Amino acid sequence: MGNHSAVTEFFLVGLSQYPDLQLSVFILCLLMYLIILLGNSFLIIISILDSHLHTPMYFFLGNLSFLDICYTSSSIPSILIIVRSQRKSISFLGCALQMAFSLGLGSTECVLLAMMAFDRYVAICNPLRYPVIMNNILCIHMAACSWIIGCVNSLVQTILTMVLPFCGKNVIDHLTCEILALLKLVCSDITINIPIMTVASIVLLMLPLLFIFISYVFILSSILRINSAEGRKKAFSTCSAHLTVVILFYGSALFMYMKPKSKDTKTYDEIVGLSYGVVTPMLNPIIYSLRNNEVKEAARKVLSKHLHLWKT
């Protein structure tokens with residue numbers, strides 16, 4: 001455990017070469033974080049209060065919203081402090097915890113989006129048996145599996161990274177304790193870490209993405225067999241929000257973790273990292289609210305009910 005005595009803190013210097021940008025980054029991240037907290041909390045509350053939303057789709061959506069709140073809370077408050085602080089440091093333990101939470105929650109979201117695709121597949125392709133197949137027990141097991149897989153991946157990768165020697169190198173060219181940026185500081189052999197990261201990328205990025213793609217091939221095939229245009233439109237509208245979120249999430253995630261690795265962190269890597277960690281969770285509740293009549297109707301009913309109670 002020599003790295004504990006050699007390195008007790010890390011310095012996060014991402015975007016430090018652009019000091020004029022840091023105030024803009026602070027304001028944007030703060031505004032987006034507030035939108036994330038309000039938007040995702042709103043979706044969770046609406047799905048709990050309105051009995052019409054007590055369905056598998058909104059159960060998974062509630063999990064996704066809670067996950068996004070936790071995911072952004074593991075990094076954005078730290079980013080806000082770092083960009084406005086003169087001493088841009090984080091403790092060794094704080095860095096390990098931040099990386100563990102980010103990896104775990106990000107991995108969980110990958111699997112959860114695949115579970116949501118299965119839910120949409122059953123709803124569109126086998127609607128008569130949907131209530132039987134997607135029962136409460138199966139939904140809870142599917143959500144629990146998503147969280148457990150994410151936690152296991154996080155635990156393994158965090159431990160394997162943080163036990164490596166850093167030999168005094170503690171300047172991270174990033175805004176957060178991101179695993180790829182940390183591995184660049186390691187002064188020993190990382191041949192164990194690279195295969196494990198590669199396997200994790202395949203299992204948690206490529207396989208769920210392949211599963212989602214296959215699910216949507218069957219979904220699209222079923223939608224095209226619907227005779228009425230109105231029926232096709234209604235069926236597609238139930239999937240369009242999930243598909244949009246998948247494209248946003250996996251697009252930035254694949255760019256971050258599957259692109260060729262360079263020795264130095266590039267500015268566009270940091271921007272894409274912010275998009276992956278901030279913009280996507282911010283857009284999730286907006287996408288699901290704007291493209292979903294059930295959510296809008298539930299919001300109207302809940303708000304009118306509580307406003308009426310407040311006035312009386």
# chains A, B, ... in the order shown; residues from 1 in each chain; ligands from 1
call {"tool": "residues_around", "arguments": {"residues": "Arg87 of chain A", "least_positions_apart": "5", "cutoff": "12 Å", "atoms": "only C-alpha atoms", "output": "mmCIF file with all heavy atoms, in the first residue's frame"}}
result
data_model
loop_
_atom_site.group_PDB
_atom_site.id
_atom_site.type_symbol
_atom_site.label_atom_id
_atom_site.label_comp_id
_atom_site.auth_asym_id
_atom_site.auth_seq_id
_atom_site.Cartn_x
_atom_site.Cartn_y
_atom_site.Cartn_z
ATOM 1 N N GLU A 9 -3.324 13.137 -1.621
ATOM 2 C CA GLU A 9 -4.349 13.946 -2.281
ATOM 3 C C GLU A 9 -4.024 14.059 -3.767
ATOM 4 O O GLU A 9 -2.903 13.805 -4.198
ATOM 5 C CB GLU A 9 -4.454 15.335 -1.650
ATOM 6 C CG GLU A 9 -3.199 16.165 -1.791
ATOM 7 C CD GLU A 9 -3.315 17.548 -1.167
ATOM 8 O OE1 GLU A 9 -4.412 17.906 -0.710
ATOM 9 O OE2 GLU A 9 -2.306 18.268 -1.141
ATOM 10 N N PHE A 10 -5.032 14.423 -4.539
ATOM 11 C CA PHE A 10 -4.868 14.634 -5.969
ATOM 12 C C PHE A 10 -5.285 16.064 -6.306
ATOM 13 O O PHE A 10 -6.156 16.647 -5.647
ATOM 14 C CB PHE A 10 -5.728 13.651 -6.778
ATOM 15 C CG PHE A 10 -5.279 12.215 -6.666
ATOM 16 C CD1 PHE A 10 -5.888 11.350 -5.760
ATOM 17 C CD2 PHE A 10 -4.258 11.723 -7.466
ATOM 18 C CE1 PHE A 10 -5.492 10.029 -5.650
ATOM 19 C CE2 PHE A 10 -3.858 10.401 -7.372
ATOM 20 C CZ PHE A 10 -4.472 9.556 -6.458
ATOM 21 N N PHE A 11 -4.658 16.604 -7.353
ATOM 22 C CA PHE A 11 -5.015 17.934 -7.844
ATOM 23 C C PHE A 11 -5.722 17.789 -9.194
ATOM 24 O O PHE A 11 -5.185 17.196 -10.127
ATOM 25 C CB PHE A 11 -3.768 18.817 -7.984
ATOM 26 C CG PHE A 11 -3.151 19.185 -6.673
ATOM 27 C CD1 PHE A 11 -2.155 18.395 -6.113
ATOM 28 C CD2 PHE A 11 -3.586 20.305 -5.981
ATOM 29 C CE1 PHE A 11 -1.590 18.713 -4.891
ATOM 30 C CE2 PHE A 11 -3.024 20.646 -4.755
ATOM 31 C CZ PHE A 11 -2.027 19.841 -4.208
ATOM 32 N N LEU A 12 -6.932 18.307 -9.253
ATOM 33 C CA LEU A 12 -7.756 18.210 -10.463
ATOM 34 C C LEU A 12 -7.607 19.499 -11.264
ATOM 35 O O LEU A 12 -8.143 20.542 -10.881
ATOM 36 C CB LEU A 12 -9.220 17.971 -10.081
ATOM 37 C CG LEU A 12 -9.464 16.692 -9.258
ATOM 38 C CD1 LEU A 12 -10.851 16.710 -8.631
ATOM 39 C CD2 LEU A 12 -9.299 15.452 -10.127
ATOM 40 N N VAL A 13 -6.876 19.438 -12.376
ATOM 41 C CA VAL A 13 -6.529 20.652 -13.114
ATOM 42 C C VAL A 13 -7.205 20.715 -14.485
ATOM 43 O O VAL A 13 -6.752 21.430 -15.378
ATOM 44 C CB VAL A 13 -4.988 20.771 -13.276
ATOM 45 C CG1 VAL A 13 -4.317 20.883 -11.920
ATOM 46 C CG2 VAL A 13 -4.416 19.581 -14.054
ATOM 47 N N SER A 16 -7.911 23.978 -16.578
ATOM 48 C CA SER A 16 -7.173 25.050 -15.899
ATOM 49 C C SER A 16 -6.415 25.939 -16.896
ATOM 50 O O SER A 16 -6.060 27.072 -16.581
ATOM 51 C CB SER A 16 -6.193 24.465 -14.877
ATOM 52 O OG SER A 16 -5.280 23.586 -15.516
ATOM 53 N N ILE A 81 -16.875 23.096 -6.684
ATOM 54 C CA ILE A 81 -15.863 23.543 -5.722
ATOM 55 C C ILE A 81 -14.506 23.706 -6.400
ATOM 56 O O ILE A 81 -13.804 24.704 -6.188
ATOM 57 C CB ILE A 81 -15.756 22.529 -4.553
ATOM 58 C CG1 ILE A 81 -17.051 22.542 -3.741
ATOM 59 C CG2 ILE A 81 -14.561 22.857 -3.670
ATOM 60 C CD1 ILE A 81 -17.145 21.425 -2.735
ATOM 61 N N ILE A 82 -14.154 22.733 -7.246
ATOM 62 C CA ILE A 82 -12.832 22.737 -7.893
ATOM 63 C C ILE A 82 -12.650 23.958 -8.789
ATOM 64 O O ILE A 82 -11.616 24.627 -8.748
ATOM 65 C CB ILE A 82 -12.627 21.434 -8.706
ATOM 66 C CG1 ILE A 82 -12.485 20.219 -7.779
ATOM 67 C CG2 ILE A 82 -11.416 21.552 -9.630
ATOM 68 C CD1 ILE A 82 -11.281 20.249 -6.873
ATOM 69 N N VAL A 171 -1.299 14.910 -10.105
ATOM 70 C CA VAL A 171 -1.972 15.952 -10.872
ATOM 71 C C VAL A 171 -2.811 15.291 -11.962
ATOM 72 O O VAL A 171 -2.276 14.669 -12.890
ATOM 73 C CB VAL A 171 -0.964 16.943 -11.503
ATOM 74 C CG1 VAL A 171 -1.707 17.997 -12.329
ATOM 75 C CG2 VAL A 171 -0.131 17.610 -10.418
#
call {"tool": "residues_around", "arguments": {"residues": "Pro208 of chain A", "least_positions_apart": "4", "cutoff": "8 Å", "atoms": "only C-alpha atoms", "output": "list in words"}}
result
Cys110, Val111, Leu113, Ala114, Val203, Leu204 and Ile212 of chain A
call {"tool": "write_last_selection", "arguments": {"atoms": "N, CA, C and O atoms", "output": "PDB file, in the first residue's frame"}}
result
ATOM      1  N   CYS A 110     -26.202   1.749 -17.684  1.00  0.00           N
ATOM      2  CA  CYS A 110     -26.063   0.959 -18.914  1.00  0.00           C
ATOM      3  C   CYS A 110     -26.995  -0.248 -18.897  1.00  0.00           C
ATOM      4  O   CYS A 110     -27.716  -0.517 -19.871  1.00  0.00           O
ATOM      5  N   VAL A 111     -26.967  -0.979 -17.782  1.00  0.00           N
ATOM      6  CA  VAL A 111     -27.782  -2.193 -17.675  1.00  0.00           C
ATOM      7  C   VAL A 111     -29.260  -1.823 -17.555  1.00  0.00           C
ATOM      8  O   VAL A 111     -30.124  -2.485 -18.151  1.00  0.00           O
ATOM      9  N   LEU A 113     -30.898   0.699 -18.779  1.00  0.00           N
ATOM     10  CA  LEU A 113     -31.466   1.084 -20.078  1.00  0.00           C
ATOM     11  C   LEU A 113     -31.802  -0.156 -20.915  1.00  0.00           C
ATOM     12  O   LEU A 113     -32.782  -0.154 -21.668  1.00  0.00           O
ATOM     13  N   ALA A 114     -30.988  -1.205 -20.778  1.00  0.00           N
ATOM     14  CA  ALA A 114     -31.291  -2.464 -21.476  1.00  0.00           C
ATOM     15  C   ALA A 114     -32.541  -3.111 -20.883  1.00  0.00           C
ATOM     16  O   ALA A 114     -33.377  -3.652 -21.619  1.00  0.00           O
ATOM     17  N   VAL A 203     -19.003  -5.880 -21.746  1.00  0.00           N
ATOM     18  CA  VAL A 203     -20.161  -6.415 -21.018  1.00  0.00           C
ATOM     19  C   VAL A 203     -21.175  -5.326 -20.680  1.00  0.00           C
ATOM     20  O   VAL A 203     -22.384  -5.535 -20.784  1.00  0.00           O
ATOM     21  N   LEU A 204     -20.681  -4.150 -20.283  1.00  0.00           N
ATOM     22  CA  LEU A 204     -21.584  -3.107 -19.788  1.00  0.00           C
ATOM     23  C   LEU A 204     -21.939  -2.045 -20.822  1.00  0.00           C
ATOM     24  O   LEU A 204     -22.880  -1.274 -20.598  1.00  0.00           O
ATOM     25  N   ILE A 212     -30.328  -3.817 -26.768  1.00  0.00           N
ATOM     26  CA  ILE A 212     -31.277  -2.733 -27.075  1.00  0.00           C
ATOM     27  C   ILE A 212     -31.551  -2.679 -28.577  1.00  0.00           C
ATOM     28  O   ILE A 212     -32.704  -2.532 -29.007  1.00  0.00           O
TER      29      ILE A 212
END
call {"tool": "atom_distance", "arguments": {"atom1": "atom CA of Trp147 of chain A", "atom2": "atom CA of Asn40 of chain A"}}
result
18.1 Å
call {"tool": "closest_residue", "arguments": {"among": "A:Asp189, A:Phe59, A:Leu31, A:Ser215", "to": "Ile140 of chain A", "atoms": "only C-alpha atoms"}}
result
A:Phe59
call {"tool": "residues_around", "arguments": {"residues": "Thr238 of chain A", "least_positions_apart": "2", "cutoff": "12 Å", "atoms": "only C-alpha atoms", "output": "JSON, numbers by chain"}}
result
{"A": [57, 58, 116, 117, 119, 120, 121, 123, 124, 219, 223, 231, 232, 233, 234, 235, 236, 240, 241, 242, 243, 244, 287, 288, 289, 291, 292, 293, 294, 295]}
call {"tool": "closest_residue", "arguments": {"among": "A:Cys125, A:Asp68, A:Ser201, A:Met32", "to": "Leu224 of chain A", "atoms": "only C-alpha atoms"}}
result
A:Cys125
call {"tool": "residues_around", "arguments": {"residues": "Phe60 of chain A", "least_positions_apart": "4", "cutoff": "8 Å", "atoms": "only C-alpha atoms", "output": "PyMOL selection string"}}
result
chain A and resi 56+64+112+116+139+143
call {"tool": "select_by_dssp", "arguments": {"residues": "segment 31-253 of chain A", "states": "alpha helix (DSSP H)", "output": "ChimeraX atom specification"}}
result
/A:31-49,56-73,76-84,92-125,130-133,136-162,179-183,193-201,207-224,229-253
call {"tool": "closest_residue", "arguments": {"among": "A:Cys177, A:Val7, A:Val279, A:Ile48", "to": "Val163 of chain A", "atoms": "only C-alpha atoms"}}
result
A:Val7
